[in-house]
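J.: coords.tsv is reproduced below (TSV, C-alpha atoms).
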chain	number	residue	atom	x	y	z
A	278	MET	CA	214.44	19.64	27.75
A	279	ASN	CA	212.91	23.05	27.04
A	280	ALA	CA	209.51	21.36	26.62
A	281	LEU	CA	209.86	19.82	30.07
A	282	PHE	CA	211.14	22.84	31.98
A	283	GLY	CA	210.38	25.85	29.78
A	284	TRP	CA	207.19	26.46	31.74
A	285	TRP	CA	209.28	27.16	34.86
A	286	ARG	CA	210.75	30.30	33.25
A	287	GLU	CA	207.26	31.61	32.51
A	288	GLY	CA	206.54	31.96	36.22
A	289	THR	CA	207.32	35.18	38.05
A	290	PRO	CA	210.10	35.19	40.69
A	291	ASP	CA	207.41	35.29	43.40
A	292	ALA	CA	205.64	32.32	41.79
A	293	ARG	CA	208.85	30.28	41.69
A	294	ARG	CA	209.65	31.08	45.33
A	295	ALA	CA	206.10	30.14	46.31
A	296	LEU	CA	206.43	26.81	44.51
A	297	VAL	CA	209.79	26.08	46.15
A	298	ALA	CA	208.38	26.94	49.59
A	299	ALA	CA	205.25	24.80	49.19
A	300	SER	CA	207.31	21.92	47.76
A	301	LEU	CA	209.85	21.96	50.58
A	302	GLY	CA	207.07	22.20	53.15
A	303	TRP	CA	205.30	19.19	51.64
A	304	MET	CA	208.57	17.24	51.36
A	305	LEU	CA	209.37	17.84	55.02
A	306	ASP	CA	205.77	17.00	55.97
A	307	SER	CA	206.18	13.65	54.25
A	308	PHE	CA	209.58	13.10	55.85
A	309	ASP	CA	208.21	13.62	59.35
A	310	VAL	CA	204.92	11.75	59.06
A	311	MET	CA	206.26	8.68	57.23
A	312	LEU	CA	208.95	8.02	59.82
A	313	TYR	CA	206.24	6.28	61.86
A	314	ALA	CA	205.50	3.71	59.15
A	315	LEU	CA	209.20	3.03	58.64
A	316	VAL	CA	210.01	2.39	62.31
A	317	LEU	CA	206.65	0.84	63.16
A	318	ALA	CA	207.99	-2.72	63.52
A	319	SER	CA	210.53	-1.54	66.13
A	320	ILE	CA	207.97	0.55	68.03
A	321	MET	CA	205.55	-2.39	68.15
A	322	VAL	CA	208.17	-4.55	69.84
A	323	ASP	CA	209.39	-1.86	72.24
A	324	LEU	CA	205.95	-0.63	73.35
A	325	GLY	CA	204.15	-3.97	73.02
A	326	MET	CA	201.64	-2.97	70.33
A	327	SER	CA	199.51	-5.28	68.19
A	328	ASN	CA	198.71	-4.62	64.53
A	329	ARG	CA	195.31	-3.33	65.63
A	330	VAL	CA	196.75	-0.79	68.10
A	331	ALA	CA	199.43	0.31	65.63
A	332	GLY	CA	196.75	0.81	62.99
A	333	ALA	CA	194.60	2.76	65.46
A	334	LEU	CA	197.51	5.14	66.08
A	335	GLY	CA	197.79	5.69	62.34
A	336	SER	CA	194.06	6.40	62.19
A	337	VAL	CA	194.26	8.87	65.08
A	338	THR	CA	197.01	10.77	63.24
A	339	LEU	CA	194.87	11.03	60.13
A	340	LEU	CA	191.87	12.25	62.13
A	341	ALA	CA	194.04	14.93	63.71
A	342	SER	CA	195.42	15.90	60.30
A	343	ALA	CA	191.85	16.33	59.07
A	344	ALA	CA	191.14	18.73	61.92
A	345	GLY	CA	194.38	20.55	61.18
A	346	GLY	CA	193.54	20.84	57.50
A	347	LEU	CA	190.12	22.31	58.24
A	348	LEU	CA	191.56	24.76	60.75
A	349	PHE	CA	194.51	25.88	58.64
A	350	GLY	CA	192.40	26.20	55.51
A	351	ILE	CA	190.28	28.80	57.30
A	352	LEU	CA	193.39	30.47	58.78
A	353	ALA	CA	195.06	30.61	55.35
A	354	ASP	CA	192.02	32.39	53.87
A	355	ARG	CA	191.89	34.82	56.78
A	356	TYR	CA	195.53	35.50	57.69
A	357	GLY	CA	197.51	34.47	54.62
A	358	ARG	CA	198.97	31.44	52.89
A	359	THR	CA	202.56	31.89	54.08
A	360	ARG	CA	201.66	32.47	57.75
A	361	ALA	CA	199.58	29.31	57.81
A	362	LEU	CA	202.36	27.39	56.05
A	363	MET	CA	204.98	28.45	58.60
A	364	ALA	CA	202.79	27.59	61.58
A	365	SER	CA	201.98	24.11	60.27
A	366	VAL	CA	205.66	23.28	59.63
A	367	ILE	CA	206.68	24.34	63.14
A	368	ILE	CA	203.93	22.25	64.74
A	369	TYR	CA	204.64	18.99	62.90
A	370	SER	CA	208.41	19.36	63.40
A	371	ILE	CA	208.21	19.83	67.16
A	372	PHE	CA	205.86	16.95	67.77
A	373	THR	CA	207.68	14.54	65.45
A	374	ALA	CA	210.73	14.99	67.67
A	375	ALA	CA	208.51	14.58	70.74
A	376	CYS	CA	207.48	11.11	69.49
A	377	GLY	CA	211.04	10.01	70.23
A	378	THR	CA	210.49	10.69	73.93
A	379	ALA	CA	207.30	8.59	74.27
A	380	GLN	CA	207.46	5.94	76.98
A	381	THR	CA	203.91	4.60	76.57
A	382	VAL	CA	201.41	4.08	73.77
A	383	LEU	CA	199.25	6.87	75.23
A	384	GLN	CA	202.11	9.37	75.14
A	385	LEU	CA	202.90	8.39	71.55
A	386	ALA	CA	199.23	8.82	70.63
A	387	VAL	CA	199.14	12.36	72.07
A	388	PHE	CA	202.25	13.39	70.14
A	389	ARG	CA	200.90	11.83	66.92
A	390	VAL	CA	197.66	13.80	67.31
A	391	LEU	CA	199.53	17.10	67.67
A	392	LEU	CA	201.85	16.18	64.79
A	393	GLY	CA	198.79	15.39	62.67
A	394	ILE	CA	197.32	18.86	63.20
A	395	GLY	CA	200.42	20.45	61.67
A	396	MET	CA	200.62	17.85	58.92
A	397	GLY	CA	197.04	18.52	57.82
A	398	GLY	CA	197.57	22.26	57.74
A	399	GLU	CA	200.52	22.26	55.37
A	400	TRP	CA	198.79	20.95	52.25
A	401	ALA	CA	195.86	23.40	52.26
A	402	SER	CA	198.21	26.35	52.72
A	403	GLY	CA	200.75	25.24	50.14
A	404	ALA	CA	198.23	24.21	47.47
A	405	ALA	CA	196.45	27.57	47.67
A	406	LEU	CA	199.79	29.42	47.53
A	407	VAL	CA	200.89	27.62	44.36
A	408	SER	CA	197.47	27.68	42.67
A	409	GLU	CA	197.21	31.46	43.02
A	410	THR	CA	200.69	32.29	41.74
A	411	TRP	CA	200.82	30.16	38.56
A	412	PRO	CA	198.80	30.68	35.33
A	413	ALA	CA	196.15	28.19	34.19
A	414	ASP	CA	198.36	26.73	31.42
A	415	HIS	CA	200.98	25.61	33.93
A	416	ARG	CA	199.01	25.20	37.15
A	417	GLY	CA	198.89	21.41	36.81
A	418	LYS	CA	202.65	21.19	36.24
A	419	ALA	CA	203.41	23.46	39.19
A	420	LEU	CA	201.15	21.52	41.55
A	421	GLY	CA	202.56	18.26	40.18
A	422	LEU	CA	206.07	19.41	41.06
A	423	MET	CA	204.89	20.46	44.51
A	424	GLN	CA	203.18	17.12	45.08
A	425	SER	CA	206.24	15.21	43.86
A	426	ALA	CA	208.11	16.52	46.89
A	427	TRP	CA	206.15	14.02	49.00
A	428	ALA	CA	208.05	11.18	47.31
A	429	VAL	CA	211.36	12.93	47.98
A	430	GLY	CA	210.48	13.33	51.65
A	431	TYR	CA	209.33	9.71	51.94
A	432	GLY	CA	212.53	8.52	50.25
A	433	ALA	CA	214.64	10.70	52.55
A	434	ALA	CA	212.81	9.25	55.55
A	435	ALA	CA	213.56	5.72	54.32
A	436	ILE	CA	217.27	6.57	53.90
A	437	VAL	CA	217.48	8.15	57.36
A	438	THR	CA	215.73	5.11	58.83
A	439	ALA	CA	218.17	2.73	57.12
A	440	LEU	CA	221.15	4.69	58.46
A	441	VAL	CA	219.92	5.64	61.95
A	442	LEU	CA	217.57	2.86	63.10
A	443	PRO	CA	220.11	-0.03	63.21
A	444	ARG	CA	222.65	2.12	65.12
A	445	TRP	CA	220.66	4.30	67.51
A	446	GLY	CA	217.10	2.96	67.50
A	447	TRP	CA	213.70	4.36	66.58
A	448	ARG	CA	213.81	7.25	69.05
A	449	ALA	CA	216.80	8.81	67.31
A	450	VAL	CA	214.95	8.59	63.99
A	451	PHE	CA	212.14	10.76	65.39
A	452	PHE	CA	214.57	13.30	66.89
A	453	ILE	CA	215.80	14.14	63.39
A	454	GLY	CA	212.26	15.26	62.60
A	455	ILE	CA	212.84	18.60	64.37
A	456	LEU	CA	214.99	19.88	61.49
A	457	PRO	CA	212.12	21.09	59.24
A	458	ALA	CA	211.26	23.76	61.82
A	459	PHE	CA	214.20	25.83	60.58
A	460	PHE	CA	212.63	25.94	57.11
A	461	ALA	CA	209.90	28.23	58.45
A	462	LEU	CA	212.49	30.97	58.95
A	463	TRP	CA	213.30	30.96	55.22
A	464	VAL	CA	209.61	31.18	54.30
A	465	ARG	CA	209.17	34.20	56.57
A	466	ARG	CA	212.04	36.07	54.90
A	467	THR	CA	211.51	35.30	51.22
A	468	VAL	CA	207.94	34.23	50.28
A	469	ALA	CA	205.25	36.86	49.60
A	470	GLU	CA	201.49	36.44	49.81
A	471	PRO	CA	199.82	35.90	46.38
A	472	PRO	CA	198.39	39.08	44.77
A	473	LEU	CA	195.06	37.26	44.35
A	474	TRP	CA	194.77	36.73	48.10
A	475	GLN	CA	195.89	40.30	48.86
A	476	ALA	CA	193.23	41.62	46.47
A	477	SER	CA	190.55	39.47	48.07
A	478	ARG	CA	191.36	40.92	51.51
A	479	ARG	CA	190.65	44.42	50.22
A	480	ARG	CA	187.06	43.42	49.45
A	481	PRO	CA	184.31	43.74	52.09
A	482	ALA	CA	184.12	40.71	54.36
A	483	SER	CA	180.58	40.00	53.17
A	484	ALA	CA	181.81	39.71	49.57
A	485	ARG	CA	184.68	37.28	50.22
A	486	GLY	CA	182.55	34.33	51.26
A	487	GLY	CA	182.97	31.97	54.17
A	488	PHE	CA	182.86	28.32	55.17
A	489	SER	CA	179.14	27.93	54.44
A	490	ASP	CA	179.64	29.10	50.84
A	491	ILE	CA	181.26	25.80	49.81
A	492	PHE	CA	177.82	24.23	50.39
A	493	ARG	CA	175.73	26.85	48.60
A	494	ARG	CA	173.53	26.01	45.64
A	495	GLY	CA	175.67	25.12	42.65
A	496	LEU	CA	178.64	24.01	44.81
A	497	LEU	CA	177.09	21.52	47.25
A	498	GLY	CA	177.05	18.60	44.79
A	499	LEU	CA	180.61	19.33	43.67
A	500	THR	CA	181.85	19.61	47.25
A	501	VAL	CA	180.30	16.23	48.11
A	502	ALA	CA	181.64	14.50	44.98
A	503	VAL	CA	185.18	15.88	45.31
A	504	THR	CA	185.25	15.00	49.01
A	505	LEU	CA	184.10	11.43	48.34
A	506	MET	CA	186.64	11.01	45.56
A	507	ASN	CA	189.42	12.17	47.86
A	508	ALA	CA	188.15	9.96	50.71
A	509	PHE	CA	188.43	6.84	48.56
A	510	THR	CA	191.90	7.73	47.27
A	511	MET	CA	193.12	8.60	50.76
A	512	PHE	CA	191.71	5.35	52.17
A	513	ALA	CA	193.56	3.44	49.47
A	514	TRP	CA	196.83	5.37	49.83
A	515	TRP	CA	197.10	5.24	53.62
A	516	GLY	CA	195.78	1.70	53.89
A	517	PHE	CA	198.47	0.56	51.47
A	518	ASN	CA	201.45	2.78	52.31
A	519	LEU	CA	201.25	2.80	56.10
A	520	TRP	CA	201.30	-1.01	56.16
A	521	LEU	CA	203.65	-1.53	53.20
A	522	PRO	CA	206.91	-1.50	55.24
A	523	ARG	CA	205.39	-3.96	57.72
A	524	TYR	CA	204.16	-6.20	54.89
A	525	LEU	CA	207.57	-6.18	53.18
A	526	SER	CA	209.48	-6.96	56.40
A	527	LEU	CA	207.07	-9.61	57.73
A	528	ALA	CA	208.32	-13.19	57.43
A	529	ALA	CA	207.14	-15.05	54.34
A	530	ASP	CA	205.54	-17.83	56.42
A	531	SER	CA	203.50	-15.14	58.22
A	532	GLY	CA	202.11	-13.66	55.00
A	533	GLY	CA	204.80	-11.08	54.17
A	534	VAL	CA	207.72	-10.82	51.77
A	535	GLY	CA	210.45	-11.51	54.36
A	536	LEU	CA	212.84	-8.58	53.82
A	537	THR	CA	215.33	-7.31	56.38
A	538	THR	CA	214.91	-3.75	57.73
A	539	THR	CA	217.66	-2.46	55.44
A	540	GLN	CA	216.24	-4.24	52.39
A	541	MET	CA	212.76	-2.94	53.17
A	542	SER	CA	214.05	0.63	53.43
A	543	TRP	CA	215.74	0.47	50.03
A	544	PHE	CA	212.71	-1.17	48.43
A	545	VAL	CA	210.67	1.80	49.69
A	546	VAL	CA	213.27	4.26	48.37
A	547	LEU	CA	213.02	2.68	44.89
A	548	MET	CA	209.22	2.97	45.03
A	549	GLN	CA	209.60	6.69	45.71
A	550	VAL	CA	211.36	7.05	42.37
A	551	GLY	CA	208.22	5.74	40.67
A	552	MET	CA	206.07	7.90	42.94
A	553	TRP	CA	208.03	11.04	42.02
A	554	PHE	CA	207.64	10.41	38.30
A	555	GLY	CA	203.94	9.72	38.84
A	556	TYR	CA	203.46	13.06	40.56
A	557	VAL	CA	205.39	15.09	37.98
A	558	THR	CA	203.99	13.45	34.86
A	559	PHE	CA	200.43	13.76	36.12
A	560	GLY	CA	200.79	17.53	35.96
A	561	PHE	CA	201.80	17.39	32.28
A	562	ILE	CA	199.17	14.76	31.43
A	563	SER	CA	196.32	16.60	33.16
A	564	ASP	CA	197.30	19.90	31.53
A	565	ALA	CA	197.27	18.14	28.15
A	566	MET	CA	194.35	15.69	28.28
A	567	GLY	CA	192.29	17.12	31.13
A	568	ARG	CA	191.90	16.47	34.85
A	569	LYS	CA	189.10	13.90	34.57
A	570	ARG	CA	190.67	11.56	32.00
A	571	ALA	CA	194.04	11.65	33.74
A	572	TYR	CA	192.51	10.86	37.14
A	573	VAL	CA	190.45	7.92	35.90
A	574	LEU	CA	193.44	6.49	34.00
A	575	TYR	CA	195.67	6.57	37.08
A	576	LEU	CA	193.05	5.28	39.54
A	577	VAL	CA	191.92	2.28	37.50
A	578	THR	CA	195.51	1.29	36.70
A	579	ALA	CA	196.45	1.60	40.39
A	580	ALA	CA	193.62	-0.77	41.38
A	581	ILE	CA	194.85	-3.40	38.93
A	582	LEU	CA	198.55	-3.11	39.82
A	583	ILE	CA	198.01	-3.30	43.59
A	584	PHE	CA	195.95	-6.46	43.18
A	585	ILE	CA	198.86	-8.00	41.24
A	586	TYR	CA	201.50	-6.63	43.64
A	587	ILE	CA	200.05	-8.30	46.73
A	588	SER	CA	199.59	-11.58	44.87
A	589	ILE	CA	203.33	-12.12	44.37
A	590	ARG	CA	205.90	-12.89	47.06
A	591	VAL	CA	209.13	-13.17	45.04
A	592	PRO	CA	211.35	-10.28	46.26
A	593	ILE	CA	212.82	-9.44	42.82
A	594	ALA	CA	209.33	-9.28	41.29
A	595	VAL	CA	208.11	-7.08	44.15
A	596	LEU	CA	211.15	-4.85	43.66
A	597	LEU	CA	210.55	-4.39	39.93
A	598	LEU	CA	206.79	-3.85	40.15
A	599	GLY	CA	206.96	-1.49	43.13
A	600	PRO	CA	207.86	1.73	41.22
A	601	PHE	CA	204.98	1.18	38.76
A	602	VAL	CA	202.53	0.66	41.64
A	603	ALA	CA	203.76	3.88	43.26
A	604	PHE	CA	203.59	5.76	39.93
A	605	PHE	CA	199.87	5.15	39.42
A	606	ALA	CA	198.76	4.72	43.05
A	607	THR	CA	200.08	8.15	44.05
A	608	GLY	CA	200.56	10.41	41.01
A	609	TYR	CA	196.90	11.47	40.82
A	610	PHE	CA	197.30	13.53	44.03
A	611	SER	CA	199.03	16.16	41.89
A	612	GLY	CA	195.70	17.01	40.30
A	613	PHE	CA	193.67	17.58	43.44
A	614	GLY	CA	194.97	21.07	44.14
A	615	ALA	CA	194.30	22.16	40.56
A	616	VAL	CA	190.77	20.72	40.46
A	617	THR	CA	189.71	22.38	43.72
A	618	ALA	CA	191.44	25.67	42.88
A	619	GLU	CA	189.54	25.78	39.57
A	620	ILE	CA	186.18	25.06	41.23
A	621	TYR	CA	186.28	27.53	44.14
A	622	SER	CA	186.87	31.31	44.25
A	623	THR	CA	189.77	33.01	46.07
A	624	GLY	CA	187.83	34.03	49.17
A	625	ILE	CA	186.97	30.42	50.01
A	626	ARG	CA	189.67	28.54	48.07
A	627	ALA	CA	191.91	27.41	50.94
A	628	THR	CA	188.85	26.71	53.10
A	629	ALA	CA	187.37	24.51	50.36
A	630	GLN	CA	190.69	22.77	49.71
A	631	GLY	CA	191.15	22.17	53.43
A	632	PHE	CA	187.63	20.77	53.76
A	633	THR	CA	187.53	18.50	50.68
A	634	TYR	CA	191.05	17.20	51.29
A	635	ASN	CA	190.75	16.67	55.02
A	636	ILE	CA	187.22	15.38	55.35
A	637	GLY	CA	188.58	12.77	52.96
A	638	ARG	CA	191.25	12.14	55.56
A	639	ILE	CA	188.60	11.56	58.23
A	640	ALA	CA	187.08	8.82	56.11
A	641	SER	CA	190.50	7.45	55.26
A	642	ALA	CA	191.41	7.33	58.95
A	643	VAL	CA	189.51	4.06	59.03
A	644	ALA	CA	192.07	2.57	56.62
A	645	PRO	CA	195.08	1.89	58.92
A	646	TYR	CA	192.81	0.35	61.55
A	647	ALA	CA	190.72	-1.62	59.04
A	648	VAL	CA	193.74	-3.03	57.21
A	649	GLY	CA	195.57	-3.78	60.47
A	650	SER	CA	192.57	-5.52	62.01
A	651	LEU	CA	191.89	-7.58	58.90
A	652	ALA	CA	195.58	-8.47	58.68
A	653	ASP	CA	195.38	-9.86	62.23
A	654	THR	CA	192.58	-12.24	61.23
A	655	ARG	CA	193.00	-12.87	57.48
A	656	GLY	CA	196.56	-11.78	56.70
A	657	PHE	CA	197.94	-8.89	54.64
A	658	HIS	CA	197.26	-10.69	51.37
A	659	VAL	CA	193.52	-10.25	51.95
A	660	ALA	CA	193.64	-6.99	53.93
A	661	LEU	CA	195.50	-4.98	51.28
A	662	ARG	CA	192.87	-5.88	48.65
A	663	LEU	CA	190.65	-3.28	50.34
A	664	THR	CA	192.87	-0.57	48.89
A	665	SER	CA	192.41	-1.90	45.36
A	666	VAL	CA	188.62	-1.72	45.75
A	667	ALA	CA	188.87	1.84	47.12
A	668	PHE	CA	190.75	2.98	43.99
A	669	LEU	CA	187.97	1.66	41.77
A	670	LEU	CA	185.32	3.48	43.84
A	671	ALA	CA	187.33	6.69	43.54
A	672	ALA	CA	187.34	6.37	39.74
A	673	ILE	CA	183.54	6.01	39.73
A	674	THR	CA	183.05	9.33	41.57
A	675	TRP	CA	184.43	11.20	38.54
A	676	PHE	CA	181.07	10.69	36.86
A	677	TRP	CA	179.85	13.67	38.95
A	678	ILE	CA	182.97	15.89	38.75
A	679	PRO	CA	183.28	18.20	35.71
A	680	GLU	CA	186.37	18.91	33.65
A	681	THR	CA	188.06	22.07	34.95
A	682	LYS	CA	191.20	22.20	32.81
A	683	GLY	CA	192.06	25.73	31.63
A	684	ARG	CA	189.78	27.67	33.98
A	685	GLU	CA	191.11	31.04	35.10
A	686	LEU	CA	191.00	31.63	38.86
A	687	THR	CA	188.49	34.18	40.18
As structure tokens, what does this structure read like?
T.:
Amino acid sequence: MNALFGWWREGTPDARRALVAASLGWMLDSFDVMLYALVLASIMVDLGMSNRVAGALGSVTLLASAAGGLLFGILADRYGRTRALMASVIIYSIFTAACGTAQTVLQLAVFRVLLGIGMGGEWASGAALVSETWPADHRGKALGLMQSAWAVGYGAAAIVTALVLPRWGWRAVFFIGILPAFFALWVRRTVAEPPLWQASRRRPASARGGFSDIFRRGLLGLTVAVTLMNAFTMFAWWGFNLWLPRYLSLAADSGGVGLTTTQMSWFVVLMQVGMWFGYVTFGFISDAMGRKRAYVLYLVTAAILIFIYISIRVPIAVLLLGPFVAFFATGYFSGFGAVTAEIYSTGIRATAQGFTYNIGRIASAVAPYAVGSLADTRGFHVALRLTSVAFLLAAITWFWIPETKGRELT
């Protein structure tokens, strides 16, 4: 037990509060944004949407989140990690609740765009906050714990959907999404800016670096490779997870598994258990064996397991395999914050993390639409294979990304 959690006691009180804040922010981000996937079947009926339109809405949200990530990465470098974190949480909370008031597809699209801006901003702010407050020996574990909060938020969203949707409908599910806004008040009172960031602000502006510095000689190739790697993983993750609830609840004779709404919700909850363990263990594995080997192991295994997962239709088999799919097809995200933090200096760290993470989101925004469109013509069995291919392409990009394990932050 000490081996698993002893590292936590080695962090300073400020570091532990920063990790709790970033984790809760990411959990609530997940809770709000994944509500859409979980109530999608009901929205499609109520607003008369096809798979293609529903997928396009998912893509629009990801595009907006990319813009939000770029914007908040720059704001976090300029005005502070905690200020950017609070602003992003408030934005995605307000507009998640607003989704419950939408009367047309256009109105829903507008609210999803604004929600996406806040969603994209949270990760860049939180990852920089955690990276700069934890030592190199435990940075992977800390970021793994932060990333694992996504699974908790997704699981909580599935539970809320199972309890609220059958009784009060999809609009009530979205209204609950306003609650994370109150979390920003706690951040304001208790979480301090990292000493590394405070020190960087005392340097002359010309010495801190800016957006263009992530493309300077020596960093351009790394920025391109890391962005491509993230684009492939994000395409795979969103293409699979946004359509997973729909695939599970679709009738078997229409190419799905044929689960009821309640069964689907609990299947998703069980997958989040595997996802959580994938996130947390990746931090330990990458701190022990290195970022590169851990990433390639997870990505290749994810490609294989997803191909198997969509080839079976027996509910009990889908139930048992689901947590293992989630473990490998999600856990690698825990390493992204560490890799980018160890490549870029403090003055441009959040900017670089926002860019590499969210330009990947722009590319991945094609995924919901591509999978939805292909599902309309060829069925989900064929459409979801795209995500398996994307995982393999992501593994190949690691040929150009160096090992960064153990680097001290500058």
J.: Which polymer residues have any atom within 6 Å of an atom of region 309-317 of chain A, counting all atoms listed in the file, with same-chain residues fewer than 3 positions away left out, as an MDAnalysis selection string?
T.: chainID A and resid 306 320 434 447 454 519
J.: In terms of the shortest atom-to-atom distance over all atoms listed in the file, which of A:Ala428, A:Ala343, A:Ala627, A:Ala318 is closest to Trp303 (chain A)?
T.: A:Ala428
J.: So which residues touch Ala458 (chain A) within 12 Å, counting all atoms listed in the file, skipping near sequence neighbours fewer than 2 positions away, as a ChimeraX atom specification?
T.: /A:301-302,305-306,309,362-374,395,453-456,460-465
J.: Which polymer residues have any atom within 7 Å of an atom of Leu339 (chain A), counting all atoms listed in the file, with same-chain residues fewer than 6 positions away left out, as a list of chain:residue names?
T.: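 Everything that qualifies: A:Gly393, A:Arg638, A:Ile639, A:Ala642.
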J.: Kindly indicate which residue among A:Trp514, A:Tyr634, A:Phe554, A:Tyr646 lies nearest to Gly346 (chain A), using all atoms listed in the file for the distances.
T.: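 For Gly346 (chain A), the nearest of the candidates is A:Tyr634.
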J.: Please determine, counting only C-alpha atoms, which residue among A:Ser611, A:Thr617, A:Asn328, A:Gln380 has the shortest atom-to-atom distance to Thr681 (chain A).
T.: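 Between A:Ser611, A:Thr617, A:Asn328, A:Gln380, the residue approaching Thr681 (chain A) most closely is A:Thr617.
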J.: Taking 6 positions as the minimum chain separation for residues in the same chain, which residues sit within 12 Å of region 654-656 of chain A when counting all atoms listed in the file? Answer as a PyMOL selection string.
T.: chain A and resi 328-329+520+523-524+527-533+587+647-648+662
J.: I'd like the neighbourhood of region 466-476 of chain A as a ChimeraX atom specification, where a residue qualifies if any of its atoms comes within 10 Å (using only C-alpha atoms), though same-chain residues fewer than 4 positions away should be ignored.
T.: /A:290-299,353-360,405-411,461-462,480,623-624,626,686-687
J.: Figure out the distance between CA of Tyr572 (chain A) and CA of Phe676 (chain A), please, to one decimal in Å.
T.: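 Separation between CA of Phe676 (chain A) and CA of Tyr572 (chain A): 11.4 Å.
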J.: Calculated over all atoms listed in the file, which of the candidates A:Phe657, A:Phe517, A:Trp285, A:Phe349 has the smallest distance to Ala580 (chain A)?
T.: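 The answer is A:Phe517, which sits nearest to Ala580 (chain A).
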J.: Could you give me, as CSV, every region 354-436 of chain A residue with an atom at most 7 Å from region 535-550 of chain A, plus its closest atom pair and distance in Å to one decimal, counting all atoms listed in the file, rows ordered by chain then number?
T.:
residue,atom,partner,partner_atom,distance
A:Ala428,CA,A:Gln549,CA,5.0
A:Val429,CA,A:Gln549,CA,6.9
A:Tyr431,CA,A:Gln549,CA,6.9
A:Gly432,CA,A:Val546,CA,4.7
A:Ala435,CA,A:Ser542,CA,5.2
A:Ile436,CA,A:Ser542,CA,6.8
J.: Of the candidates A:Thr607, A:Thr378, A:Ser588, A:Ser319, which shows the shortest atom-to-atom distance to Val557 (chain A), using only C-alpha atoms?
T.: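 Closest to Val557 (chain A), using only C-alpha atoms: A:Thr607.
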J.: Calculated over all atoms listed in the file, which of the candidates A:Leu596, A:Ala565, A:Ala615, A:Val382 has the smallest distance to Ala331 (chain A)?
T.: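 Going through A:Leu596, A:Ala565, A:Ala615, A:Val382 one by one, the smallest distance to Ala331 (chain A) is for A:Val382.
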J.: What does the distance between CA of Pro457 (chain A) and CA of Thr504 (chain A) come to in Å, to one decimal place?
T.: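 The value is 29.4 Å.
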J.: In Å, with one decimal, what is the gap from CA of Trp677 (chain A) to CA of Trp427 (chain A)?
T.: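 Answer for the CA of Trp677 (chain A) to CA of Trp427 (chain A) separation: 28.2 Å.
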